[in-house]
Structure formats: C-alpha cells, structure tokens
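So this one's my_file24.csv, CSV, C-alpha atoms:
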chain,number,residue,atom,x,y,z
A,1,MET,CA,0.0,0.0,0.0
A,2,ALA,CA,1.3,3.5,-0.9
A,3,ALA,CA,2.3,5.7,2.0
A,4,ARG,CA,-0.2,8.4,2.8
A,5,LYS,CA,1.1,11.8,1.7
A,6,ALA,CA,2.0,14.0,4.7
A,7,ARG,CA,-0.5,16.8,5.3
A,8,GLU,CA,0.8,20.2,4.4
A,9,ALA,CA,1.4,22.5,7.4
A,10,ALA,CA,-0.7,25.6,7.7
A,11,PRO,CA,0.9,28.9,6.4
A,12,PRO,CA,1.9,30.2,9.9
A,13,THR,CA,3.7,27.0,10.7
A,14,GLN,CA,5.5,27.1,7.3
A,15,LEU,CA,6.6,30.7,8.1
A,16,SER,CA,7.9,29.5,11.6
A,17,GLN,CA,9.8,26.7,9.9
A,18,LEU,CA,11.4,29.3,7.5
A,19,GLU,CA,12.3,31.6,10.4
A,20,ALA,CA,14.0,28.7,12.2
A,21,ARG,CA,15.9,27.8,9.1
A,22,LEU,CA,17.1,31.4,8.7
A,23,THR,CA,18.4,31.5,12.3
A,24,GLN,CA,20.6,28.5,11.6
A,25,GLY,CA,22.4,30.0,8.5
A,26,ILE,CA,22.1,31.9,5.3
A,27,PRO,CA,18.8,32.3,3.4
A,28,PRO,CA,18.0,29.4,1.0
A,29,ARG,CA,19.4,29.7,-2.5
A,30,GLY,CA,15.8,30.0,-3.8
A,31,VAL,CA,12.5,30.7,-2.1
A,32,VAL,CA,9.0,30.6,-3.6
A,33,LEU,CA,6.2,32.3,-1.8
A,34,ARG,CA,3.1,31.4,-3.7
A,35,GLY,CA,-0.6,31.7,-2.8
A,36,ASP,CA,-3.4,34.3,-2.6
A,37,GLU,CA,-2.7,35.5,1.0
A,38,ARG,CA,-0.5,38.6,0.5
A,39,TYR,CA,0.0,38.9,4.3
A,40,PHE,CA,2.0,35.6,4.4
A,41,ARG,CA,3.9,36.4,1.3
A,42,GLU,CA,5.0,39.8,2.7
A,43,ARG,CA,5.9,38.2,6.1
A,44,GLY,CA,8.1,35.7,4.2
A,45,VAL,CA,9.9,38.6,2.4
A,46,GLU,CA,10.4,40.4,5.6
A,47,LEU,CA,12.0,37.4,7.3
A,48,ILE,CA,14.4,36.8,4.5
A,49,ARG,CA,15.2,40.5,4.0
A,50,ASP,CA,16.0,40.9,7.7
A,51,ARG,CA,18.4,38.0,7.6
A,52,ALA,CA,20.0,39.3,4.4
A,53,ARG,CA,20.5,42.7,6.1
A,54,ALA,CA,22.1,41.0,9.1
A,55,LEU,CA,24.5,39.3,6.8
A,56,GLU,CA,25.2,42.6,5.0
A,57,TRP,CA,24.0,41.3,1.7
A,58,GLU,CA,23.0,43.7,-1.0
A,59,ILE,CA,19.2,43.7,-1.4
A,60,SER,CA,17.4,44.2,-4.8
A,61,MET,CA,13.6,44.7,-4.8
A,62,HIS,CA,11.6,44.3,-8.0
A,63,ASP,CA,7.8,44.4,-8.5
A,64,SER,CA,6.2,43.7,-11.9
A,65,ALA,CA,3.2,45.8,-10.8
A,66,ASP,CA,5.4,48.9,-10.3
A,67,PRO,CA,5.1,51.4,-13.2
A,68,ASP,CA,8.9,51.8,-13.0
A,69,PHE,CA,9.6,48.1,-13.2
A,70,GLU,CA,12.3,47.1,-15.7
A,71,GLU,CA,12.7,43.4,-16.5
A,72,GLY,CA,16.2,44.0,-17.9
A,73,ALA,CA,17.4,45.4,-14.5
A,74,LEU,CA,16.0,42.3,-12.7
A,75,LEU,CA,17.7,39.9,-15.1
A,76,ASP,CA,21.0,41.9,-14.7
A,77,ASP,CA,20.7,41.5,-10.9
A,78,LEU,CA,20.3,37.8,-11.2
A,79,ALA,CA,23.2,37.4,-13.7
A,80,ALA,CA,25.7,39.8,-12.2
A,81,GLY,CA,25.2,39.5,-8.4
A,82,SER,CA,26.3,42.1,-6.0
A,83,LEU,CA,28.8,44.8,-6.8
A,84,PHE,CA,29.3,46.0,-3.2
A,85,SER,CA,29.0,42.9,-1.0
A,86,GLY,CA,29.8,39.2,-1.1
A,87,ALA,CA,26.2,38.2,-1.9
A,88,SER,CA,22.8,39.6,-3.0
A,89,CYS,CA,19.2,38.9,-2.2
A,90,VAL,CA,16.9,39.5,-5.2
A,91,VAL,CA,13.2,39.8,-4.4
A,92,VAL,CA,10.6,39.6,-7.1
A,93,ARG,CA,7.0,40.6,-6.2
A,94,ASN,CA,4.1,39.7,-8.5
A,95,ALA,CA,6.3,37.3,-10.4
A,96,ALA,CA,3.5,35.1,-11.9
A,97,SER,CA,3.2,37.1,-15.1
A,98,LEU,CA,7.0,37.1,-15.6
A,99,LEU,CA,7.1,33.3,-15.3
A,100,LYS,CA,4.5,32.5,-17.9
A,101,LYS,CA,5.7,30.5,-21.0
A,102,SER,CA,5.7,32.0,-24.4
A,103,GLY,CA,4.4,29.1,-26.5
A,104,ARG,CA,6.7,26.2,-25.6
A,105,ASN,CA,9.5,28.4,-24.4
A,106,GLN,CA,10.2,29.2,-20.8
A,107,SER,CA,10.1,32.9,-19.9
A,108,ALA,CA,13.3,35.0,-19.6
A,109,LEU,CA,12.8,35.1,-15.8
A,110,THR,CA,12.4,31.3,-15.5
A,111,ARG,CA,15.6,30.8,-17.5
A,112,ALA,CA,17.5,33.5,-15.4
A,113,VAL,CA,16.4,31.9,-12.1
A,114,GLN,CA,17.4,28.4,-13.3
A,115,ALA,CA,20.8,29.8,-14.3
A,116,PHE,CA,21.1,31.6,-10.9
A,117,LEU,CA,20.3,28.5,-8.9
A,118,GLY,CA,22.8,26.4,-10.9
A,119,SER,CA,25.6,28.9,-10.7
A,120,ASP,CA,28.4,29.0,-8.2
A,121,GLN,CA,29.7,32.3,-9.6
A,122,VAL,CA,26.9,34.4,-8.1
A,123,ALA,CA,26.3,34.2,-4.3
A,124,GLY,CA,23.0,35.0,-2.6
A,125,SER,CA,19.3,34.2,-2.8
A,126,VAL,CA,16.3,34.8,-5.1
A,127,VAL,CA,12.8,35.2,-3.7
A,128,LEU,CA,9.8,34.8,-5.9
A,129,CYS,CA,6.4,36.0,-4.8
A,130,ALA,CA,3.3,35.0,-6.8
A,131,ASP,CA,-0.3,34.8,-6.0
A,132,ASN,CA,-0.9,32.1,-8.6
A,133,LEU,CA,1.9,29.6,-9.5
A,134,ARG,CA,1.5,25.9,-10.2
A,135,ALA,CA,3.4,23.5,-7.9
A,136,ASP,CA,4.8,21.8,-11.0
A,137,HIS,CA,6.1,24.9,-12.7
A,138,ALA,CA,9.7,24.6,-13.9
A,139,VAL,CA,11.0,27.3,-11.6
A,140,VAL,CA,9.4,25.7,-8.5
A,141,LYS,CA,11.0,22.4,-9.4
A,142,ALA,CA,14.4,24.2,-9.8
A,143,VAL,CA,14.0,25.8,-6.4
A,144,GLN,CA,13.2,22.4,-4.8
A,145,ALA,CA,16.2,20.8,-6.5
A,146,ALA,CA,18.4,23.5,-5.1
A,147,ASP,CA,17.2,22.7,-1.6
A,148,GLY,CA,15.3,25.9,-1.6
A,149,ALA,CA,12.1,26.7,0.3
A,150,MET,CA,8.5,26.7,-1.1
A,151,LEU,CA,5.7,28.1,1.0
A,152,ASN,CA,2.0,27.9,0.3
A,153,CYS,CA,0.7,31.2,1.4
A,154,ARG,CA,-2.9,30.4,1.0
A,155,LYS,CA,-5.8,32.1,2.9
A,156,LEU,CA,-6.7,30.7,6.3
A,157,TRP,CA,-9.9,28.7,6.6
A,158,ASP,CA,-12.6,30.9,8.1
A,159,SER,CA,-15.1,28.1,8.5
A,160,PRO,CA,-14.7,25.0,10.8
A,161,PRO,CA,-14.1,21.5,9.3
A,162,PRO,CA,-17.1,19.2,9.1
A,163,TRP,CA,-15.5,16.8,11.5
A,164,LYS,CA,-15.0,19.5,14.1
A,165,PRO,CA,-17.8,22.1,13.6
A,166,ASP,CA,-16.6,24.5,16.3
A,167,PRO,CA,-16.1,28.1,15.1
A,168,ARG,CA,-13.3,28.4,17.7
A,169,GLN,CA,-11.3,25.9,15.8
A,170,THR,CA,-11.1,27.7,12.5
A,171,GLU,CA,-7.6,28.6,11.3
A,172,VAL,CA,-8.5,32.3,11.3
A,173,VAL,CA,-9.6,32.2,15.0
A,174,LEU,CA,-6.5,30.2,16.0
A,175,TRP,CA,-4.3,32.7,14.2
A,176,ILE,CA,-6.0,35.6,16.0
A,177,LEU,CA,-5.4,34.1,19.3
A,178,SER,CA,-1.7,33.5,18.5
A,179,ARG,CA,-1.3,37.0,17.1
A,180,ALA,CA,-3.1,38.5,20.1
A,181,ARG,CA,-0.4,37.0,22.3
A,182,ASP,CA,2.3,38.7,20.2
A,183,PHE,CA,0.5,42.0,21.0
A,184,SER,CA,0.0,41.1,24.7
A,185,VAL,CA,-3.7,41.3,24.1
A,186,LYS,CA,-5.8,38.9,26.2
A,187,LEU,CA,-8.7,37.3,24.2
A,188,THR,CA,-10.8,34.3,24.9
A,189,PRO,CA,-11.7,31.9,22.0
A,190,ASP,CA,-15.2,33.3,21.9
A,191,GLN,CA,-13.9,36.9,21.7
A,192,ALA,CA,-11.6,35.8,18.9
A,193,VAL,CA,-14.6,34.4,17.0
A,194,TYR,CA,-16.3,37.8,17.3
A,195,VAL,CA,-13.2,39.6,16.0
A,196,ALA,CA,-13.0,37.2,13.1
A,197,VAL,CA,-16.7,37.5,12.2
A,198,ALA,CA,-16.8,41.3,12.6
A,199,THR,CA,-13.7,41.9,10.6
A,200,GLY,CA,-13.7,39.2,8.0
A,201,ASN,CA,-10.8,37.1,6.6
A,202,ASP,CA,-8.4,40.0,6.0
A,203,LEU,CA,-5.3,39.4,8.1
A,204,TYR,CA,-4.1,43.0,7.7
A,205,ALA,CA,-7.4,44.3,9.0
A,206,LEU,CA,-7.3,41.7,11.8
A,207,ASP,CA,-3.8,43.0,12.7
A,208,THR,CA,-5.2,46.5,12.9
A,209,GLN,CA,-8.0,45.4,15.2
A,210,LEU,CA,-5.5,43.7,17.5
A,211,LYS,CA,-3.4,46.8,17.6
A,212,LYS,CA,-6.5,48.9,18.5
A,213,LEU,CA,-7.3,46.4,21.3
A,214,ARG,CA,-3.8,46.8,22.7
A,215,HIS,CA,-4.5,50.4,23.4
A,216,ALA,CA,-8.2,50.0,24.2
A,217,GLY,CA,-7.9,50.8,27.9
A,218,GLN,CA,-11.2,50.2,29.7
A,219,ARG,CA,-13.3,50.1,26.5
A,220,SER,CA,-15.2,46.9,25.8
A,221,LEU,CA,-14.3,44.6,22.8
A,222,ARG,CA,-17.4,45.6,20.9
A,223,GLU,CA,-16.7,49.3,21.4
A,224,VAL,CA,-13.2,48.9,19.8
A,225,VAL,CA,-13.9,46.3,17.2
A,226,GLN,CA,-16.6,47.7,15.0
A,227,TRP,CA,-18.5,45.5,12.6
A,228,GLU,CA,-16.9,45.9,9.1
A,229,ALA,CA,-16.9,42.5,7.6
A,230,GLY,CA,-18.3,42.0,4.1
A,231,GLY,CA,-19.6,38.8,2.6
A,232,SER,CA,-18.7,36.3,-0.2
A,233,PRO,CA,-20.9,36.4,-3.3
A,234,PHE,CA,-20.0,32.7,-3.9
A,235,GLN,CA,-21.1,31.7,-0.4
A,236,VAL,CA,-24.3,33.8,-0.7
A,237,ALA,CA,-25.0,32.0,-4.0
A,238,GLU,CA,-24.5,28.6,-2.4
A,239,ALA,CA,-26.9,29.5,0.4
A,240,LEU,CA,-29.5,30.9,-2.0
A,241,VAL,CA,-29.5,28.0,-4.4
A,242,GLY,CA,-29.4,25.5,-1.5
A,243,GLY,CA,-32.5,27.1,0.1
A,244,GLU,CA,-30.7,28.1,3.3
A,245,ARG,CA,-32.9,31.1,4.0
A,246,ALA,CA,-31.3,32.3,7.3
A,247,ARG,CA,-27.7,31.9,5.9
A,248,ALA,CA,-28.6,33.6,2.6
A,249,LEU,CA,-30.3,36.6,4.3
A,250,ALA,CA,-27.3,37.1,6.6
A,251,GLY,CA,-24.9,36.8,3.6
A,252,VAL,CA,-26.9,39.2,1.4
A,253,GLU,CA,-26.9,41.8,4.2
A,254,ALA,CA,-23.1,41.4,4.8
A,255,LEU,CA,-22.3,41.5,1.1
A,256,PHE,CA,-24.2,44.6,0.3
A,257,ARG,CA,-23.1,46.4,3.5
A,258,GLY,CA,-19.4,45.6,3.5
A,259,GLY,CA,-18.6,44.3,0.0
A,260,PHE,CA,-16.1,41.4,-0.3
A,261,GLN,CA,-12.4,41.0,-0.5
A,262,ASP,CA,-11.2,39.7,-3.9
A,263,ARG,CA,-8.1,37.5,-4.6
A,264,SER,CA,-5.8,40.6,-4.8
A,265,GLY,CA,-6.8,41.7,-1.3
A,266,ALA,CA,-8.9,44.7,-2.6
A,267,ARG,CA,-12.4,45.2,-1.2
A,268,VAL,CA,-15.1,45.3,-3.8
A,269,VAL,CA,-18.0,47.6,-2.7
A,270,ASP,CA,-19.5,48.7,-6.0
A,271,GLU,CA,-23.1,47.5,-5.9
A,272,ILE,CA,-23.3,46.8,-9.7
A,273,ALA,CA,-20.1,44.8,-9.6
A,274,LEU,CA,-21.3,42.8,-6.5
A,275,MET,CA,-24.6,42.0,-8.2
A,276,SER,CA,-22.9,40.9,-11.4
A,277,ILE,CA,-20.6,38.5,-9.6
A,278,LEU,CA,-23.5,37.2,-7.4
A,279,MET,CA,-25.8,36.6,-10.3
A,280,GLY,CA,-23.1,34.8,-12.2
A,281,ALA,CA,-22.4,32.5,-9.3
A,282,ILE,CA,-26.2,31.8,-8.8
A,283,GLY,CA,-26.6,31.1,-12.5
A,284,ARG,CA,-23.8,28.6,-12.6
A,285,SER,CA,-25.2,26.7,-9.6
A,286,LEU,CA,-28.8,26.7,-11.0
A,287,ARG,CA,-27.6,25.4,-14.4
A,288,GLN,CA,-25.7,22.6,-12.6
A,289,GLY,CA,-28.8,21.8,-10.5
A,290,LEU,CA,-31.0,21.7,-13.6
A,291,ALA,CA,-28.6,19.4,-15.4
A,292,GLY,CA,-28.4,17.0,-12.5
A,293,SER,CA,-32.2,17.1,-11.9
A,294,VAL,CA,-32.9,16.3,-15.6
A,295,ALA,CA,-30.4,13.5,-15.5
A,296,ALA,CA,-31.9,12.0,-12.3
A,297,ALA,CA,-35.4,12.3,-13.8
A,298,ALA,CA,-34.3,10.3,-16.8
A,299,GLY,CA,-32.7,7.6,-14.6
A,300,ALA,CA,-29.2,8.7,-15.4
A,301,ASP,CA,-26.3,9.6,-13.0
A,302,PRO,CA,-27.1,13.2,-11.7
A,303,PHE,CA,-23.4,13.9,-11.1
A,304,GLU,CA,-22.5,13.0,-14.6
A,305,GLY,CA,-25.1,15.3,-15.9
A,306,ALA,CA,-24.2,18.2,-13.5
A,307,SER,CA,-20.4,17.7,-14.1
A,308,LYS,CA,-21.0,18.6,-17.8
A,309,ALA,CA,-22.3,22.0,-16.4
A,310,GLY,CA,-19.1,22.4,-14.4
A,311,LEU,CA,-20.1,20.8,-11.1
A,312,SER,CA,-17.1,19.5,-9.0
A,313,VAL,CA,-17.8,18.5,-5.4
A,314,ASN,CA,-16.4,16.3,-2.6
A,315,HIS,CA,-18.4,13.6,-0.8
A,316,ARG,CA,-19.9,16.1,1.6
A,317,GLY,CA,-20.9,18.3,-1.4
A,318,ARG,CA,-22.4,15.3,-3.2
A,319,ASP,CA,-24.8,14.6,-0.2
A,320,ALA,CA,-25.9,18.3,-0.2
A,321,PHE,CA,-26.4,18.3,-4.0
A,322,MET,CA,-28.5,15.1,-3.8
A,323,ALA,CA,-30.7,16.7,-1.1
A,324,GLN,CA,-31.3,19.7,-3.3
A,325,LEU,CA,-32.4,17.5,-6.2
A,326,LYS,CA,-35.0,15.8,-4.0
A,327,LEU,CA,-36.4,19.2,-3.1
A,328,TRP,CA,-36.6,20.8,-6.5
A,329,PRO,CA,-37.7,18.8,-9.7
A,330,PRO,CA,-36.5,20.0,-13.1
A,331,GLY,CA,-39.5,22.4,-13.5
A,332,GLU,CA,-38.5,24.2,-10.3
A,333,TRP,CA,-34.9,24.6,-11.4
A,334,ARG,CA,-36.1,26.1,-14.7
A,335,ALA,CA,-38.4,28.4,-12.9
A,336,ARG,CA,-35.6,29.7,-10.7
A,337,LEU,CA,-33.4,30.2,-13.7
A,338,ASP,CA,-36.2,32.2,-15.3
A,339,GLU,CA,-36.5,34.4,-12.2
A,340,LEU,CA,-32.7,35.0,-12.3
A,341,ALA,CA,-32.9,35.8,-16.0
A,342,ASP,CA,-35.7,38.4,-15.3
A,343,LEU,CA,-33.5,40.0,-12.6
A,344,GLU,CA,-30.5,40.2,-15.0
A,345,ARG,CA,-32.6,41.6,-17.7
A,346,ARG,CA,-34.0,44.3,-15.4
A,347,ALA,CA,-30.4,45.2,-14.2
A,348,LYS,CA,-29.1,45.5,-17.8
A,349,THR,CA,-32.1,47.6,-19.0
A,350,GLY,CA,-31.8,50.3,-16.4
A,351,GLY,CA,-34.3,48.9,-13.9
A,352,ARG,CA,-33.7,49.1,-10.2
A,353,VAL,CA,-32.1,46.0,-8.7
A,354,ASP,CA,-30.6,45.9,-5.2
A,355,GLY,CA,-30.1,43.7,-2.2
A,356,ALA,CA,-33.8,43.6,-1.5
A,357,ASP,CA,-34.3,41.5,-4.7
A,358,PHE,CA,-31.9,38.8,-3.4
A,359,VAL,CA,-33.7,38.9,0.0
A,360,ARG,CA,-37.0,38.1,-1.9
A,361,LEU,CA,-35.2,35.2,-3.7
A,362,ALA,CA,-33.9,33.9,-0.4
A,363,CYS,CA,-37.5,33.7,0.9
A,364,ARG,CA,-39.0,32.3,-2.2
A,365,TRP,CA,-36.3,29.7,-2.7
A,366,SER,CA,-36.1,28.5,0.9
A,367,LYS,CA,-36.1,24.8,1.8
A,368,GLU,CA,-39.2,25.3,3.9
A,369,ARG,CA,-41.2,26.7,1.1
A,370,ALA,CA,-39.9,23.9,-1.3
A,371,ALA,CA,-40.8,21.2,1.3
A,372,ALA,CA,-44.3,22.7,1.7
A,373,SER,CA,-44.8,22.8,-2.1
A,374,GLN,CA,-43.6,19.2,-2.3
A,375,THR,CA,-46.1,18.2,0.3
A,376,ARG,CA,-49.0,19.9,-1.5
A,377,ARG,CA,-48.0,18.2,-4.8
A,378,GLY,CA,-48.0,14.8,-3.0
A,379,ARG,CA,-51.5,15.4,-1.6
A,380,SER,CA,-52.8,16.6,-5.0
A,381,GLU,CA,-51.4,13.5,-6.6
A,382,ALA,CA,-52.9,11.2,-3.9
A,383,ARG,CA,-56.3,12.9,-4.3
A,384,ALA,CA,-56.1,12.5,-8.1
A,385,GLY,CA,-55.2,8.8,-7.8
A,386,SER,CA,-58.0,8.2,-5.3
A,387,SER,CA,-60.6,9.8,-7.7
A,388,ARG,CA,-59.4,7.6,-10.6
A,389,ARG,CA,-60.0,4.5,-8.5
As structure tokens, the full file:
Amino acid sequence: MAARKAREAAPPTQLSQLEARLTQGIPPRGVVLRGDERYFRERGVELIRDRARALEWEISMHDSADPDFEEGALLDDLAAGSLFSGASCVVVRNAASLLKKSGRNQSALTRAVQAFLGSDQVAGSVVLCADNLRADHAVVKAVQAADGAMLNCRKLWDSPPPWKPDPRQTEVVLWILSRARDFSVKLTPDQAVYVAVATGNDLYALDTQLKKLRHAGQRSLREVVQWEAGGSPFQVAEALVGGERARALAGVEALFRGGFQDRSGARVVDEIALMSILMGAIGRSLRQGLAGSVAAAAGADPFEGASKAGLSVNHRGRDAFMAQLKLWPPGEWRARLDELADLERRAKTGGRVDGADFVRLACRWSKERAAASQTRRGRSEARAGSSRR
C-alpha cells in the first residue's frame, strides 16, 4: 500500500519553519512564496530580507506591478550578483506574469532563475512572490532541486471543518489568538470568534483590530472592534440555491453592506459589480442543478449530468447536492433560472435592482417553502389517484 502523503502545514507553521531555518544559517538559495494571501507572502519577504541585512548582503527589490519596473534590471541583478558585497538577495514581487511561458519556451525570468540556482559564480538568494503559480512549474522544481524553500501562502480557513464544527477551531480564529499573544492582548476563544466574524478574513485588517485592542484601555471589545466584515458572493449564491434562508439573508446583508475581498486583497464595494458576480455565481449553480435534476429524472447519474455543467464537489458536497435534487424537480430549477434571468434583464435595461431583490429570492427559494410545495404536490397526486380509483 502506498504511503499516505503528509498533510501540508498551515501557512503560519510554514513561516515559523522558514524563520527557524534562517536563524541557523544563510537564506535558502531560492525561495518561492506562492498563494493568494499577501500577508503571508510579505511576512516571508520580511523574514528573508531581515536575515540578508544582518549578513550585510545587497538587497534588490523588483515588482512587476510597479510602473517603473524594468525586467532588464531584474535579469541583470540575477546574472551579475552584488557589486558592493559578497552576496545579494533578489526579491521579485508579483512574479507570476513574468514566469509564464511564451508558447513552448520558458520565460526569460524562468531561465534566469534556473541559471542563478545552478551557478556557483553568483552568491546569494532569489525570492519569488506569486499569488498564482503551479506547484509543478519549472521554476518551482528548480528551487526544490536546489534545496530551496517553497511556502504555500494560502488564505486561512474561516469556517470550521465538518469533523469539528466548532467556530473556535477555525484557522483564522486560532491565528487571531496566536497574534493577540504577540501584541500582549488577552482574548478568549469566543472573543476571537467575534473579532473574526466582525472583521472578515483579512489578516491586515485583523492585525489592525488587535493593535487597537492593545490600546483599548477600559473600553469593551465591541466598542473597539466595529462591525466591518463583508460577505462572499459565492457563499451567498451557495446558500440561495441551497434554500438556506437564514444563511442567505445574513450573507446578502453582509455582502451589500461591506462588500467582499477579492483575490488581490482589494475590497469590492461597488453594488453593480457585486450584483454581477453574485448573479453569475447563482446562474452557474442553478444550471448545474438543472442538469443534475434532468439526468436524475431520466434515470441517469445526476453527477455525470451536472459535471457537464461544471459541477465539482467532494463527498460532503455530493450529499448536499442530492438533497437539493430531492427538493426541486426540473421544473422548479427552470423556474428559478427564469427568475434570475428576469433579474439580470432588469439590471441590464436600467431597472432598479438591489439587495432587496436577493432577499426576496432567499425567501421564495427556501427549503421550507420547497418542502411545503412538495407536500402539496404529494397530496394533490394522492387525491387524483383516489378519484381515478
């Protein structure tokens, strides 16, 4: 039997491991900080840069998103090394676009990093930061072959795992408690849950809240930590389509009051943009549900039908999907798609569409209403069968 793959450590643990490695010697020859949590990427850069400064290395910072960025200067730094010290630390932020292939050819930066890692003529370290970089990318493999460090700087989970449905055990809450100790702020797990829910999954914002609590004096937690969290249009869509009325209502309110944080870390608050993303997510879920429902009604595999519409779920998701199919027959899925189409048409033709429209959808599409409708259909069918007899 093949050995089970070791579970990857959470990002804070990976950063602690990098910090321990740095205290024992020089920075790794190559470091990749990949993932959509900018907070962890920047923390990794800070750790490596501090160690390079302590070693009196020359530090070169490059950012492809900077208007003054010059790829030629970056490639020169990797090829020539330091002019004023024994080694250099070359940091490249937003490196993903620079590492993309051109047809079948590796990018100039990929080739330069490979040459740097394989050279004994240029001393130092190269650090690549990318929000989206495949684990099997050529430059990642080169860094690993050079005994470098690769950190997965993903976002922390802000919902509890199904096997331990305790909100105090989410990664975000555990991180808040750990970070609070760094600030000498005393928080109970329940208070940490409130900070997480009120602020959202934005580690920079959470850091700011903890700094405010450090200087709070006699003020209460809720006086200091004001509610500013937004919502997720994808989670709202999931709740709406799944008929979870209470969760959908809370999500709609949070989304249209506080916006949501996108992959770049920016907060989207424009109402038109929010509605566009939300309606797109709802539409995808409804089309998947309709495809699965039609397949099930025909005696085929509902997942095979839904997968053609883009559905991809784990075992827990399969159970939830099957429960939805039992509540809504094909006709109901089509009716809900028609409702959404009417909403989209109104929005595109200048009609007024806002959060209240999605509140109405949450009420009309609730499981309770679907179950009541199903019961009425069953009674009608039973009466019709009785009268035929």
* For Arg181 of chain A, the nearest of the candidates A:Gln14, A:Ala52, A:Arg352, A:Arg214, counting all atoms listed in the file -> A:Arg214
* Go through A:Gln226, A:Thr188, A:Gln261, A:Gln235 one by one, measure the shortest atom-to-atom distance of each to Asp202 of chain A using only C-alpha atoms, and give the residue with the smallest value. => A:Gln261
* **Residues near segment 302-312 of chain A, cut-off 10 Å, only C-alpha atoms, skip fewer than 4 positions along chain, as a PyMOL selection string** => chain A and resi 284-298+317-318+321-322+325
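In this comparison, which uses only C-alpha atoms, the residue of A:Ser184, A:Ser178, A:Asn94, A:Gln121 approaching His62 of chain A most closely is A:Asn94.
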* Selection: 8 Å around Asp158 of chain A, all atoms listed in the file, excl. self and same-chain fewer than 2 positions, as a list in words ->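 So, after excluding close chain neighbours, the residues are Leu156, Pro160, Thr170, Glu171, Val172, Val173 and Asn201 of chain A.
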* Asked: Pick from A:Ser16, A:Leu78, A:Ser125, A:Val241: nearest to Arg49 of chain A, with all atoms listed in the file counted?
  ->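 With all atoms listed in the file as the atom set, the closest residue is A:Ser125.
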* Can you work out the spacing between atom CA of Val195 of chain A and atom CA of Ala248 of chain A in Å, to one decimal? =>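 Straight-line distance from atom CA of Val195 of chain A to atom CA of Ala248 of chain A works out to 21.3 Å.
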* Go through A:Ala135, A:Ile176, A:Ile59, A:Leu22 one by one, measure the shortest atom-to-atom distance of each to Tyr204 of chain A using only C-alpha atoms, and give the residue with the smallest value. => A:Ile176
* Asked: From the list A:Trp157, A:Gly86, A:Gln218, A:Val359, which residue is nearest Ala239 of chain A when using only C-alpha atoms?
  ->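 Ranking A:Trp157, A:Gly86, A:Gln218, A:Val359 by distance to Ala239 of chain A, first place goes to A:Val359.
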* Show which residues sit within 10 Å of segment 33-42 of chain A, as a PyMOL selection string. Count only C-alpha atoms, and ignore same-chain residues fewer than 5 positions away. => chain A and resi 11-12+14-15+47+93-96+127-135+140+149-156+201-204+262-265
Got time to write the residues from that selection, C-alpha atoms, as a tab-separated table (two decimals), in the coordinates of the input?
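out.tsv, written as the output of this step:
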chain	number	residue	atom	x	y	z
A	11	PRO	CA	0.90	28.90	6.40
A	12	PRO	CA	1.90	30.20	9.90
A	14	GLN	CA	5.50	27.10	7.30
A	15	LEU	CA	6.60	30.70	8.10
A	47	LEU	CA	12.00	37.40	7.30
A	93	ARG	CA	7.00	40.60	-6.20
A	94	ASN	CA	4.10	39.70	-8.50
A	95	ALA	CA	6.30	37.30	-10.40
A	96	ALA	CA	3.50	35.10	-11.90
A	127	VAL	CA	12.80	35.20	-3.70
A	128	LEU	CA	9.80	34.80	-5.90
A	129	CYS	CA	6.40	36.00	-4.80
A	130	ALA	CA	3.30	35.00	-6.80
A	131	ASP	CA	-0.30	34.80	-6.00
A	132	ASN	CA	-0.90	32.10	-8.60
A	133	LEU	CA	1.90	29.60	-9.50
A	134	ARG	CA	1.50	25.90	-10.20
A	135	ALA	CA	3.40	23.50	-7.90
A	140	VAL	CA	9.40	25.70	-8.50
A	149	ALA	CA	12.10	26.70	0.30
A	150	MET	CA	8.50	26.70	-1.10
A	151	LEU	CA	5.70	28.10	1.00
A	152	ASN	CA	2.00	27.90	0.30
A	153	CYS	CA	0.70	31.20	1.40
A	154	ARG	CA	-2.90	30.40	1.00
A	155	LYS	CA	-5.80	32.10	2.90
A	156	LEU	CA	-6.70	30.70	6.30
A	201	ASN	CA	-10.80	37.10	6.60
A	202	ASP	CA	-8.40	40.00	6.00
A	203	LEU	CA	-5.30	39.40	8.10
A	204	TYR	CA	-4.10	43.00	7.70
A	262	ASP	CA	-11.20	39.70	-3.90
A	263	ARG	CA	-8.10	37.50	-4.60
A	264	SER	CA	-5.80	40.60	-4.80
A	265	GLY	CA	-6.80	41.70	-1.30
* Could you tell me how far atom CA of Phe183 of chain A lies from atom CA of Gly258 of chain A, in Å and to one decimal? =>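 Rounded to one decimal, the two atoms are 26.7 Å apart.
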* Quick one: everything within 9 Å of Ala112 of chain A, counting only C-alpha atoms, minus sequence neighbours fewer than 5 positions away in the same chain. Send it as a list of chain:residue names. =>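 Those residues are A:Leu75, A:Leu78, A:Ala79, A:Ser107, A:Leu117.
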